[in-house]
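Asker: Sharing target.cif below, mmCIF, C-alpha atoms:
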data_structure
loop_
_atom_site.label_atom_id
_atom_site.label_comp_id
_atom_site.auth_asym_id
_atom_site.auth_seq_id
_atom_site.Cartn_x
_atom_site.Cartn_y
_atom_site.Cartn_z
CA THR A 1 79.22 82.65 -97.27
CA ASP A 2 75.78 81.12 -96.83
CA ALA A 3 74.05 78.07 -98.28
CA GLN A 4 73.15 79.82 -101.56
CA SER A 5 75.96 82.28 -102.23
CA GLU A 6 79.38 83.65 -101.49
CA THR A 7 80.06 87.36 -100.93
CA PHE A 8 83.32 88.95 -102.06
CA GLY A 9 84.22 92.34 -100.62
CA ALA A 10 81.88 94.12 -98.20
CA LEU A 11 78.44 92.92 -97.20
CA LEU A 12 75.83 94.13 -99.69
CA ASP A 13 73.78 97.10 -98.50
CA LYS A 14 70.30 95.95 -99.60
CA ARG A 15 68.99 99.51 -99.24
CA LEU A 16 70.95 100.62 -102.32
CA LYS A 17 68.92 101.60 -105.37
CA LYS A 18 68.49 98.68 -107.81
CA VAL A 19 69.36 99.47 -111.41
CA THR A 20 69.89 97.47 -114.58
CA LEU A 21 73.03 97.21 -116.65
CA HIS A 22 71.07 98.79 -119.50
CA GLU A 23 70.33 101.85 -117.33
CA LEU A 24 74.02 102.12 -116.45
CA THR A 25 75.21 101.86 -120.06
CA SER A 26 72.54 104.08 -121.61
CA ASN A 27 72.68 106.89 -119.02
CA SER A 28 76.18 106.46 -117.57
CA ALA A 29 76.91 110.09 -116.70
CA SER A 30 73.97 110.29 -114.30
CA TYR A 31 75.24 107.30 -112.29
CA VAL A 32 78.85 108.44 -111.76
CA SER A 33 79.67 108.43 -108.02
CA ASN A 34 76.16 107.31 -107.01
CA ALA A 35 75.94 104.02 -105.11
CA PHE A 36 73.67 101.32 -106.58
CA GLN A 37 73.18 97.59 -106.85
CA VAL A 38 72.82 95.69 -110.10
CA ALA A 39 72.18 92.04 -110.95
CA THR A 40 74.02 91.00 -114.09
CA LYS A 41 75.73 88.09 -115.77
CA ILE A 42 79.50 87.65 -115.78
CA ALA A 43 80.63 87.23 -119.40
CA LYS A 44 84.41 86.95 -118.88
CA VAL A 45 86.77 87.01 -115.90
CA CYS A 46 90.43 87.98 -115.64
CA GLN A 47 92.12 84.58 -115.80
CA LYS A 48 95.30 85.72 -114.04
CA LYS A 49 93.74 86.28 -110.63
CA GLY A 50 90.06 87.27 -110.96
CA CYS A 51 90.81 90.96 -110.44
CA PHE A 52 88.06 92.19 -112.82
CA PHE A 53 85.27 90.87 -115.00
CA ILE A 54 83.05 91.87 -117.90
CA ALA A 55 79.33 92.17 -117.11
CA ARG A 56 76.91 91.54 -119.99
CA GLU A 57 73.15 91.73 -120.41
CA GLY A 58 72.25 91.39 -124.09
CA ASP A 59 74.08 94.16 -125.96
CA ASP A 60 74.99 96.03 -122.76
CA VAL A 61 78.54 95.40 -121.52
CA MET A 62 80.70 97.00 -118.87
CA ARG A 63 83.97 96.23 -117.10
CA VAL A 64 83.73 95.65 -113.35
CA ALA A 65 86.77 96.41 -111.18
CA PHE A 66 87.09 96.07 -107.42
CA ARG A 67 87.70 99.05 -105.16
CA ASP A 68 91.41 99.31 -104.30
CA TYR A 69 91.87 95.67 -105.44
CA ARG A 70 90.62 94.64 -101.99
CA PHE A 71 89.16 91.41 -103.29
CA PHE A 72 89.04 89.15 -106.34
CA VAL A 73 86.44 86.70 -107.69
CA PRO A 74 86.97 83.09 -108.75
CA THR A 75 88.32 82.81 -112.29
CA ASP A 76 85.62 80.22 -113.11
CA SER A 77 82.71 82.63 -112.40
CA ALA A 78 81.79 83.30 -116.06
CA GLY A 79 78.17 82.55 -116.86
CA LYS A 80 76.89 83.24 -113.35
CA THR A 81 74.39 85.96 -112.55
CA VAL A 82 75.77 88.05 -109.70
CA THR A 83 74.67 91.02 -107.62
CA ILE A 84 77.09 93.94 -107.46
CA ALA A 85 77.10 96.93 -105.13
CA GLY A 86 79.23 99.82 -106.26
CA LYS A 87 79.53 103.10 -108.11
CA LEU A 88 80.15 104.06 -111.70
CA ILE A 89 83.44 105.74 -112.57
CA LYS A 90 84.49 107.55 -115.73
CA LYS A 91 88.06 107.06 -116.89
CA GLU A 92 90.37 107.27 -119.87
CA MET A 93 91.56 103.89 -121.13
CA THR A 94 94.74 103.62 -123.19
CA ALA A 95 95.40 101.15 -125.98
CA GLU A 96 98.00 99.53 -123.72
CA GLN A 97 95.41 98.99 -120.96
CA VAL A 98 92.95 97.49 -123.44
CA ALA A 99 95.62 95.06 -124.66
CA HIS A 100 96.62 94.19 -121.08
CA PHE A 101 93.02 93.51 -119.97
CA ASN A 102 92.27 91.42 -123.07
CA GLN A 103 95.43 89.39 -122.45
CA ASP A 104 94.47 88.83 -118.80
CA MET A 105 91.03 87.57 -119.91
CA GLN A 106 92.59 85.39 -122.59
CA GLY A 107 90.19 86.90 -125.13
CA ASP A 108 88.73 90.18 -126.37
CA SER A 109 85.67 92.05 -125.14
CA ASP A 110 83.67 94.84 -126.73
CA ALA A 111 83.51 96.41 -123.25
CA LEU A 112 87.18 97.29 -123.58
CA HIS A 113 88.15 100.10 -125.92
CA GLU A 114 90.50 103.02 -126.04
CA GLY A 115 89.17 106.40 -124.92
CA VAL A 116 86.67 107.50 -122.30
CA VAL A 117 84.86 104.60 -120.66
CA TYR A 118 82.52 104.01 -117.75
CA GLU A 119 83.19 101.13 -115.37
CA ILE A 120 81.59 99.72 -112.27
CA LEU A 121 83.82 100.05 -109.23
CA ALA A 122 82.46 97.30 -106.99
CA ASP A 123 82.49 97.20 -103.21
CA SER A 124 80.63 93.90 -103.09
CA VAL A 125 79.92 90.97 -105.42
CA ILE A 126 77.55 88.17 -104.46
CA ILE A 127 78.04 85.00 -106.51
CA PRO A 128 75.56 82.11 -106.28
CA LYS A 129 77.03 78.70 -105.46
CA ALA A 130 74.88 76.79 -107.94
#
Using structure tokens, write down the structure from this file.

Answerer:
Amino acid sequence: TDAQSETFGALLDKRLKKVTLHELTSNSASYVSNAFQVATKIAKVCQKKGCFFIAREGDDVMRVAFRDYRFFVPTDSAGKTVTIAGKLIKKEMTAEQVAHFNQDMQGDSDALHEGVVYEILADSVIIPKA
């Protein structure tokens, strides 16, 4: 924690390549397993315990999970622009998982759908205090 922000997870490695959410969504396969940092807005947060959130920049959306559930973010973080350090993962999402995540957010998201999806697996999330 400092005067401007609070860090969840590991300290952010500022040497990581900066990318945009649009780059991650439009060219996902090339970012799998490569570390990066991205600044993006939180659209929705898991309301049960803050164990994931939906990142959104315009039409680009992606689910953000936390490596090994080592940390969570405040459930009132929606609307804040955060900096994330992590890697992209490719996974298969079932209809049951989609329903579970939507229930935990207390609403639906177009980032959640059945089938193959790409998600950010975050090691660090920096949330501004203001």

Asker: Just to confirm, what's the straight-line distance from atom CA of A:Thr20 to atom CA of A:Asn34 in Å (one decimal)?

Answerer: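 Straight-line distance from atom CA of A:Thr20 to atom CA of A:Asn34 works out to 13.9 Å.
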
Asker: If the PyMOL selection byres ((chain A and resi 82) around 6) is run on the structure shown, which residues does it catch, given as a PyMOL selection string?

Answerer: chain A and resi 39-40+81+83+126-127

Asker: Would you please work out which residue, of A:Arg67, A:Lys41, A:Arg56, A:Arg15, is nearest to A:Ser124 when using all atoms listed in the file?

Answerer: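 With all atoms listed in the file as the atom set, the closest residue is A:Arg67.
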
Asker: State, in Å with one decimal place, the distance from atom CA of A:Met93 to atom CA of A:Val64.

Answerer: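 Between atom CA of A:Met93 and atom CA of A:Val64 the gap works out to 13.8 Å.
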
Asker: Give me, as a list in words, all polymer residues having an atom no more than 6 Å from A:Ile84, counting only C-alpha atoms and skipping those fewer than 6 positions away in the same chain.

Answerer: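 These residues fall inside the cut-off: Gln37, Val38, Ser124 and Val125 of chain A.
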
Asker: Nearest residue to A:Val73 out of A:Gln47, A:Thr94, A:Gln4, A:Thr25, using only C-alpha atoms?

Answerer: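 For A:Val73, the nearest of the given residues is A:Gln47.
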
Asker: Which residue gives the smallest distance to A:Asp110 among A:Lys44, A:Lys91, A:Lys80, A:Lys129, with only C-alpha atoms counted?

Answerer: A:Lys44

Asker: Could you state which residues are captured by the PyMOL selection byres ((chain A and resi 57-62) around 9) in this file, as a ChimeraX atom specification?

Answerer: /A:20-22,24-26,40-43,53-56,63-64,109-112,117-120

Asker: In Å, with one decimal, what is the gap from atom CA of A:His113 to atom CA of A:Ser33?

Answerer: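 So the two atoms, atom CA of A:His113 and atom CA of A:Ser33, lie 21.5 Å apart.
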
Asker: Enumerate, as a count of residues only, the residues matched when the PyMOL selection byres ((chain A and resi 49) around 9) is run on the file above.

Answerer: 12

Asker: Rank nothing, just name the residue among A:Asp68, A:Glu6, A:Asp123, A:Glu114 nearest to A:Ala95, using only C-alpha atoms.

Answerer: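 Of A:Asp68, A:Glu6, A:Asp123, A:Glu114, the one nearest A:Ala95, counting only C-alpha atoms, is A:Glu114.
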
Asker: Counting all atoms listed in the file, which of A:Phe101, A:Ser5, A:Phe66, A:Ala130 gets nearest to A:Lys87?

Answerer: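 Nearest to A:Lys87: A:Phe66.
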
Asker: Ranking A:Leu88, A:Phe8, A:Ala122, A:Gly115 by minimum distance to A:Tyr31 and counting all atoms listed in the file, which one comes first?

Answerer: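 Once distances to A:Tyr31 are computed over all atoms listed in the file, the minimum belongs to A:Leu88.
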